[in-house]
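Beneath this line is the structure, given in structure tokens, with notes to follow.
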Amino acid sequence: MTGGKWGDAAGKPDPQKLVRQGFEGLFLYFGTPQYAKNCTPAYYRAVRAAGLGAIGVVEHDQHDAELGAATGASYAQAGLADMAAQGAVGIPLGVTADEHLTAGQIPTAVAFQAAASQVIRAASREAMGYGFQEFIHALRARGLVDIEWQAGSLSLVDSLTHFWQDNTGTETVGLVIVDRDWRRRPLPGGDMSFDLTTQLPDPASVAGTGTVQEALATALYGIGGKRNGGALANAVASIQTQLTAIQGALTQEEADLLAAVKGVTAGAVDVKTFAAALAPILAPILAPLLPAGATPAEFIAALDAQLGK
């Protein structure tokens, strides 16, 4: 299967174990605190600390989309409020039609999604839709979602759909049975793995997973999680070495001049001291530029006299 492996977080599987089993993200439930599957602040923090991607979902039952536009809007509002309370910033949110729809049901289901998407997009988040082919394609034709999550047979999933809910089996993570989903194309907002509040992953937790998180951890910390072996650390060390080399290449006169300039701007050195520091550096530079018969010492003396006035 192409793309990354995602999971359904209804049973709240251990995020670190998910990473070790090759998962790159989770669908998290919000806006339904009456159900055990609803995300909690502690679980959300654990998911993000593990470096997993996250997409929010509001789902009551398989008949949600039959309830129309007003319900779609209210579900989206509840999901956004719950996400804000839990600190789930910057991730997409979607609603669901977890059933095959008849031709007569599709207009109501589309209105349900349209109202939800309007609320979600107004909050500057990507809107997701979940359902079977007849629903996903109806949403696509109307431009109602940014992310498509399709259920049913893989043979009916085309190249424009972002996720397929794998109906061929589940995975056991710890003691939790997890529905498996496959990301089939890049997501519009990136891989959803990080936002500005996300903690960096523990290198040991992502080692050997072959994920984006492992690559990032390796770049930051080096192979095996050693900070001083990482590419970033190496770059910093290289810059420091070059700066030291530049400082070491200064002549004593140049170093004295830099110190004098800093002193003058800080009000710590008087102008006569500054002129004295300039003299040995300017003399060889001025010699070929002075009029016939004039010496650098005379020019420096005149400069000293002017600065001392």
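Residue numbering restarts at 1 for every chain of the structure tokens, chains are lettered A, B, ... in their displayed order, and ligands are numbered from 1 as they appear.
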Legend entry - Contacts of Arg121 of chain A within 12 Å, only C-alpha atoms, excl. fewer than 3 positions in-chain, as a ChimeraX atom specification: /A:73,76-77,80,90-94,113-118,124-128,144-146
Residues from last step as file, C-alpha atoms, as an mmCIF file, in the first residue's frame:
data_model
loop_
_atom_site.group_PDB
_atom_site.id
_atom_site.type_symbol
_atom_site.label_atom_id
_atom_site.label_comp_id
_atom_site.auth_asym_id
_atom_site.auth_seq_id
_atom_site.Cartn_x
_atom_site.Cartn_y
_atom_site.Cartn_z
ATOM 1 C CA ALA A 73 -22.999 23.093 11.558
ATOM 2 C CA ALA A 76 -18.534 21.312 13.594
ATOM 3 C CA GLN A 77 -19.005 24.015 16.225
ATOM 4 C CA LEU A 80 -13.949 23.176 17.210
ATOM 5 C CA GLY A 90 -4.026 23.935 13.551
ATOM 6 C CA ILE A 91 -5.259 20.454 12.630
ATOM 7 C CA PRO A 92 -8.137 19.629 10.237
ATOM 8 C CA LEU A 93 -11.611 18.616 11.321
ATOM 9 C CA GLY A 94 -14.226 16.486 9.606
ATOM 10 C CA GLN A 113 -21.175 18.311 5.062
ATOM 11 C CA ALA A 114 -21.519 21.716 3.395
ATOM 12 C CA ALA A 115 -22.682 23.349 6.620
ATOM 13 C CA ALA A 116 -19.957 21.643 8.638
ATOM 14 C CA SER A 117 -17.252 22.612 6.150
ATOM 15 C CA GLN A 118 -18.377 26.236 6.159
ATOM 16 C CA SER A 124 -9.036 28.536 9.174
ATOM 17 C CA ARG A 125 -8.871 24.751 9.235
ATOM 18 C CA GLU A 126 -9.055 22.171 6.459
ATOM 19 C CA ALA A 127 -12.409 20.393 6.240
ATOM 20 C CA MET A 128 -12.516 16.610 5.895
ATOM 21 C CA LEU A 144 -16.896 20.876 -0.126
ATOM 22 C CA VAL A 145 -13.872 19.201 1.459
ATOM 23 C CA ASP A 146 -10.111 19.623 1.500
#
Inset, instruction - Could you give me, as a list in words, the residues within 9 Å of segment 151-154 of chain A, counting only C-alpha atoms and dropping anything in the same chain fewer than 5 positions from it? - result: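 Listed by chain and then number, they are Asp98, Tyr130, Gly131, Phe132, Gln133, Phe163, Trp164, Gln165, Asp166 and Asn167 of chain A.
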Generate a file of the selected residues that holds C-alpha atoms, formatted as a CSV table (one decimal), in the first residue's frame.
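Saved result, out35.csv, follows:
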chain,number,residue,atom,x,y,z
A,98,ASP,CA,-20.6,6.1,8.0
A,130,TYR,CA,-15.7,10.6,5.4
A,131,GLY,CA,-17.9,8.1,3.7
A,132,PHE,CA,-18.3,5.7,0.8
A,133,GLN,CA,-17.7,6.5,-2.8
A,163,PHE,CA,-7.2,8.2,2.8
A,164,TRP,CA,-8.7,4.8,2.4
A,165,GLN,CA,-10.1,3.0,5.4
A,166,ASP,CA,-8.6,-0.4,5.1
A,167,ASN,CA,-11.5,-3.0,5.3
Inset, instruction - Would you please give, as a ChimeraX atom specification, all residues of segment 8-142 of chain A that DSSP assigns to alpha helix (DSSP H) based on the backbone? - result: /A:15-20,41-49,69-86,106-122,133-141
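Of the listed residues A:Ala78, A:Ala122, A:Leu67, A:Val47, the one whose atoms come nearest to Ala97 of chain A is A:Leu67, with distances taken using only C-alpha atoms.
As for atom CA of Asp179 of chain A and atom CA of Trp6 of chain A, they are spaced 8.6 Å apart.
The coordinates place atom CA of Thr170 of chain A at 12.6 Å from atom CA of Phe23 of chain A.
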Inset, instruction - Identify, on the basis of only C-alpha atoms, every residue whose closest approach to segment 9-16 of chain A does not exceed 10 Å; exclude the query and any residue fewer than 6 positions from it along the same chain; express the result as a ChimeraX atom specification. - result: /A:23-29,35-40,43-52,54,172-179,201-202,204-206
Legend entry - Backbone-only DSSP, strand (DSSP E) members of segment 63-105 of chain A, as an MDAnalysis selection string: chainID A and resid 93:96
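Reported to one decimal place, the separation of atom CA of Val57 of chain A from atom CA of Ile120 of chain A is 11.4 Å.
Between Ile147 of chain A and the candidates A:Thr108, A:Gly22, A:Gly56, A:Asp61, the tightest atom-to-atom separation, counting only C-alpha atoms, involves A:Gly56.
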Inset, instruction - Using only C-alpha atoms, determine which residues lie at most 8 Å from Val110 of chain A, disregarding the query and same-chain residues fewer than 6 positions distant; provide the list as a PyMOL selection string. - result: chain A and resi 65+68+135+138-139
Inset, instruction - Write out as a ChimeraX atom specification the residues lying within 6 Å of Gly31 of chain A, counting only C-alpha atoms and excluding same-chain residues fewer than 2 positions away. - result: /A:58,78-79,82
